[in-house]
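What follows is a short report on a single structure.
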Amino acid sequence: MAYNWGDGAKLDEHTKRKHKVLREYFREYLVTRCQIRHRERFRVAIIDGFAGAGRYACGTPGSPLIFLETLDRAVREINFRRAAEGTRPIQIECFAVFNDKNPAAISELRTHTARLIEGIRSTNKDLHIRIEFFDEEFEVLYPRIKSFLSDGCYQNVIFNLDQYGYSNVNMAILSEIMVRWASAEIFLTFAIETLLTYFPSNEAKNYILNDEPGLKKEIYAFLQDGGEVINKREWLGAAEQIVYEQLKLVAPFVSTFSIHNPDGWRYWLIHFANHSRARQVYNDILHENSTSQAHFGRSGLNMLSFNPAEDGMLYLFTDEAREQAIKQLHEDIPNKISEHGDSLGVEEFHLCVYKETPAHSRDINKVIIESDDLEVRTPTGGERRTAHTIKTVDTIRLKRQRSFFPMFPRKV
């Protein structure tokens with residue numbers, strides 16, 4: 001399955017949703033990384049391994065142009081704000097690799113990109129872009145990509161690996177990317193029917209579903225033999241558990257949410273990151289794009305601690321889902337602190353909870369402040385009283401006089 005770029009590719013609904021998340025996340029990524037006032041240069045590499053031709057039949061830009069357009073707008077926004085604050089403008093250097101195994105697609109992408117780059121260079125003196133184009137299989141090209149990034153001393157690296165239905169990126173490459181570059185992030189898209197690519201070769205290792213043999217059999221029958229897209233919510237939950245158990249080995253922070261379609265779940269958009277802040281920002285973007293992605297399970301801190309055949313809910317990052325999450329967080333957060341004694345640093349707390357939670361960062365901070373069982377202390381011993389003032393250097397503590405909250409062991 002592949003796009004026929006020569007006749008003008010159709011923009012599918014799942015791709016439209018994915019691109020909106022990608023555009024908004026990348027903008028927030030740049031704003032977040034460039035917010036340090038004394039920083040005057042930021043260098044980033046973008047690797048689009050399955051780039052396509054750049055525009056769909058309807059004229060909508062594809063991921064390579066989305067990255068470039070967002071870069072241009074974000075640099076202008078950041079430096080407009082810096083000028084208002086009396087701060088020197090930041091220079092952003094971007095190295096991009098745009099690859100697609102279809103030579104015709106890359107030829108068309110060159111044309112679309114050239115027009116856009118010409119406009120950027122003539123109007124945005126603070127953005128410096130270098131692009132390399134290739135028409136190779138990604139796995140064949142990957143060793144050369146490593147050399148490019150090593151020679152250029154890039155550490156801030158974003159890989160966009162949108163495979164559109166086939167699966168050409170193995171676990172070894174994903175793992176190496178996250179280890180090799182300190183500030184690496186990956187967006188990985190793959191179709192549900194190619195899910196077996198990311199399973200261990202021994203089916204017995206998928207111990208998560210040992211207690212649900214019927215559901216396990218159904219998933220494997222669908223994946224191995226093909227069939228209609230399964231709409232059962234518990235199927236999504238069980239499949240997500242399997243995906244997470246395998247892909248959590250790739251990076252410290254992995255979001256395993258499927259792209260939500262009314263007619264069924266056909267694609268996953270997985271985000272990998274090495275830092276909790278990246279996962280935090282990604283969660284917040286998903287809440288601002290409610291119903292774009294779906295998660296079936298718990299809504300609090302431990303999103304995969306549930307039995308997909310018996311409990312769990314479809315979490316679409318909506319206001320209703322957030323309200324449910326807030327109720328669960330009032331229970332989960334004190335329990336999480338108690339697991340570590342009676343206190344936990346905010347930074348360490350983030351490292352723990354953002355491995356699994358789909359919750360919005362504002363909701364987490366709001367619950368911490370409003371909880372009858374918790375207090376937040378500054379490094380000097382002061383108390384935080386508003387959610388937006390909480391800092392990573394602070395400490396979350398259980399209050400000496402606490403209300404009753406249940407202590408449930410985490411399911412494994």
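Each chain in the structure tokens gets a letter, A, B and so on, in the order shown; residues start at 1 in every chain, and ligands are counted from 1 in the order they appear.
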- Message: Residues of stretch 291-380 of chain A classed as strand (DSSP E) by DSSP on the backbone are to be reported as a list in words.
- Response: Gln293, Ala294, His295, Phe296, Gly297, Met313, Leu314, Tyr315, Ser343, Leu344, Gly345, Leu374, Glu375, Val376 and Arg377 of chain A
Grab the residues selected above and save them as a PDB file, in the first residue's frame with N, CA and C atoms.
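Result file again23.pdb:
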ATOM      1  N   GLN A 293      -6.719  11.414  18.612  1.00  0.00           N
ATOM      2  CA  GLN A 293      -6.132  10.137  18.978  1.00  0.00           C
ATOM      3  C   GLN A 293      -6.974   9.483  20.063  1.00  0.00           C
ATOM      4  N   ALA A 294      -6.837   8.170  20.176  1.00  0.00           N
ATOM      5  CA  ALA A 294      -7.684   7.414  21.092  1.00  0.00           C
ATOM      6  C   ALA A 294      -6.834   6.507  21.969  1.00  0.00           C
ATOM      7  N   HIS A 295      -7.261   6.403  23.223  1.00  0.00           N
ATOM      8  CA  HIS A 295      -6.637   5.493  24.173  1.00  0.00           C
ATOM      9  C   HIS A 295      -7.760   4.814  24.935  1.00  0.00           C
ATOM     10  N   PHE A 296      -7.702   3.502  25.041  1.00  0.00           N
ATOM     11  CA  PHE A 296      -8.718   2.782  25.789  1.00  0.00           C
ATOM     12  C   PHE A 296      -8.078   2.239  27.052  1.00  0.00           C
ATOM     13  N   GLY A 297      -8.484   2.785  28.200  1.00  0.00           N
ATOM     14  CA  GLY A 297      -7.913   2.316  29.444  1.00  0.00           C
ATOM     15  C   GLY A 297      -8.143   3.302  30.561  1.00  0.00           C
ATOM     16  N   MET A 313     -11.996   2.854  29.685  1.00  0.00           N
ATOM     17  CA  MET A 313     -12.891   3.702  28.918  1.00  0.00           C
ATOM     18  C   MET A 313     -12.136   4.241  27.715  1.00  0.00           C
ATOM     19  N   LEU A 314     -12.896   4.656  26.722  1.00  0.00           N
ATOM     20  CA  LEU A 314     -12.270   5.262  25.552  1.00  0.00           C
ATOM     21  C   LEU A 314     -11.906   6.699  25.894  1.00  0.00           C
ATOM     22  N   TYR A 315     -10.622   6.994  25.860  1.00  0.00           N
ATOM     23  CA  TYR A 315     -10.112   8.311  26.229  1.00  0.00           C
ATOM     24  C   TYR A 315      -9.767   9.065  24.946  1.00  0.00           C
ATOM     25  N   SER A 343       7.438  12.057  50.444  1.00  0.00           N
ATOM     26  CA  SER A 343       7.726  13.210  49.596  1.00  0.00           C
ATOM     27  C   SER A 343       8.441  12.766  48.329  1.00  0.00           C
ATOM     28  N   LEU A 344       8.340  13.609  47.311  1.00  0.00           N
ATOM     29  CA  LEU A 344       8.980  13.319  46.024  1.00  0.00           C
ATOM     30  C   LEU A 344       9.216  14.637  45.308  1.00  0.00           C
ATOM     31  N   GLY A 345      10.427  14.821  44.783  1.00  0.00           N
ATOM     32  CA  GLY A 345      10.724  16.020  44.015  1.00  0.00           C
ATOM     33  C   GLY A 345       9.855  16.094  42.768  1.00  0.00           C
ATOM     34  N   LEU A 374      -1.971  16.699  49.925  1.00  0.00           N
ATOM     35  CA  LEU A 374      -0.659  17.062  49.397  1.00  0.00           C
ATOM     36  C   LEU A 374      -0.336  18.536  49.635  1.00  0.00           C
ATOM     37  N   GLU A 375       0.937  18.823  49.645  1.00  0.00           N
ATOM     38  CA  GLU A 375       1.418  20.201  49.658  1.00  0.00           C
ATOM     39  C   GLU A 375       2.687  20.265  48.821  1.00  0.00           C
ATOM     40  N   VAL A 376       2.974  21.441  48.285  1.00  0.00           N
ATOM     41  CA  VAL A 376       4.166  21.642  47.456  1.00  0.00           C
ATOM     42  C   VAL A 376       5.063  22.649  48.150  1.00  0.00           C
ATOM     43  N   ARG A 377       6.301  22.248  48.407  1.00  0.00           N
ATOM     44  CA  ARG A 377       7.259  23.108  49.079  1.00  0.00           C
ATOM     45  C   ARG A 377       8.370  23.543  48.141  1.00  0.00           C
TER      46      ARG A 377
END
Stretch 39-86 of chain A near stretch 22-29 of chain A within 9 Å: what's each residue's closest atom pair and its distance in Å to one decimal, counting only C-alpha atoms, ordered by chain then ascending residue number, as JSON lines?
{"residue": "A:Ser63", "atom": "CA", "partner": "A:Leu22", "partner_atom": "CA", "distance": 8.1}
{"residue": "A:Ile66", "atom": "CA", "partner": "A:Arg23", "partner_atom": "CA", "distance": 6.2}
{"residue": "A:Phe67", "atom": "CA", "partner": "A:Arg23", "partner_atom": "CA", "distance": 7.0}
{"residue": "A:Glu69", "atom": "CA", "partner": "A:Arg23", "partner_atom": "CA", "distance": 8.9}
{"residue": "A:Thr70", "atom": "CA", "partner": "A:Arg27", "partner_atom": "CA", "distance": 6.1}
{"residue": "A:Leu71", "atom": "CA", "partner": "A:Arg27", "partner_atom": "CA", "distance": 7.3}
{"residue": "A:Arg73", "atom": "CA", "partner": "A:Arg27", "partner_atom": "CA", "distance": 8.3}
{"residue": "A:Ala74", "atom": "CA", "partner": "A:Arg27", "partner_atom": "CA", "distance": 6.0}
- Give me, please, the distance in Å between atom CA of A:Asn79 and atom CA of A:Phe159, quoted to one decimal.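 So the two atoms, atom CA of A:Asn79 and atom CA of A:Phe159, lie 25.5 Å apart.
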- Task: May I ask which of the residues A:His112, A:Lys336, A:Arg180, A:His19 is the closest one to A:Leu398, counting only C-alpha atoms?
- Result: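 Among A:His112, A:Lys336, A:Arg180, A:His19, it is A:Lys336 that comes nearest to A:Leu398.
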- Query: Can you tell me how far atom CA of A:Trp181 sits from atom CA of A:Ile390, in Å to one decimal?
  - Reply: 29.2 Å
- Query: What is the distance between atom CA of A:Pro61 and atom CA of A:Gly49, in Å to one decimal?
  - Reply: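 These atoms are spaced 16.3 Å apart.
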- Item | Spatial neighbours of A:Leu116, 9 Å, only C-alpha atoms, chain gap at least 3 places, as a list of chain:residue names | A:Leu65, A:Leu68, A:Glu69, A:Thr111, A:His112, A:Thr113, A:Gly119, A:Ile120, A:Arg121
Write a file of the selected residues as a tab-separated table (two decimals), in the first residue's frame, keeping C-alpha atoms.
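That gives us again_17.tsv:
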chain	number	residue	atom	x	y	z
A	65	LEU	CA	6.36	21.51	3.99
A	68	LEU	CA	9.38	24.23	6.96
A	69	GLU	CA	6.27	26.40	7.28
A	111	THR	CA	9.95	21.82	-6.70
A	112	HIS	CA	7.52	22.54	-3.86
A	113	THR	CA	10.36	22.97	-1.38
A	119	GLY	CA	10.40	32.94	0.19
A	120	ILE	CA	11.86	32.10	3.61
A	121	ARG	CA	15.39	33.17	2.67
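Distance check against A:Asn156 using only C-alpha atoms: of A:Ile270, A:Leu30, A:Ala359, A:Leu141, the minimum falls on A:Leu30.
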- Task: Please provide the set of residues having any atom within 10 Å of A:Ala273, restricted to only C-alpha atoms, with same-chain residues fewer than 3 positions apart removed, written as number ranges by chain.
- Result: A: 158, 178, 182-187, 250-255, 276-279, 282, 355
- Item | Exercise: stretch 319-333 of chain A partners within 8 Å, only C-alpha atoms, chain neighbours under 3 positions left out, as a count of residues only | 16
- Note on the structure: Using only C-alpha atoms, the shortest atom-to-atom distance to A:Glu13 among A:Ile285, A:Leu161, A:Ile259, A:Ile145 belongs to A:Ile259
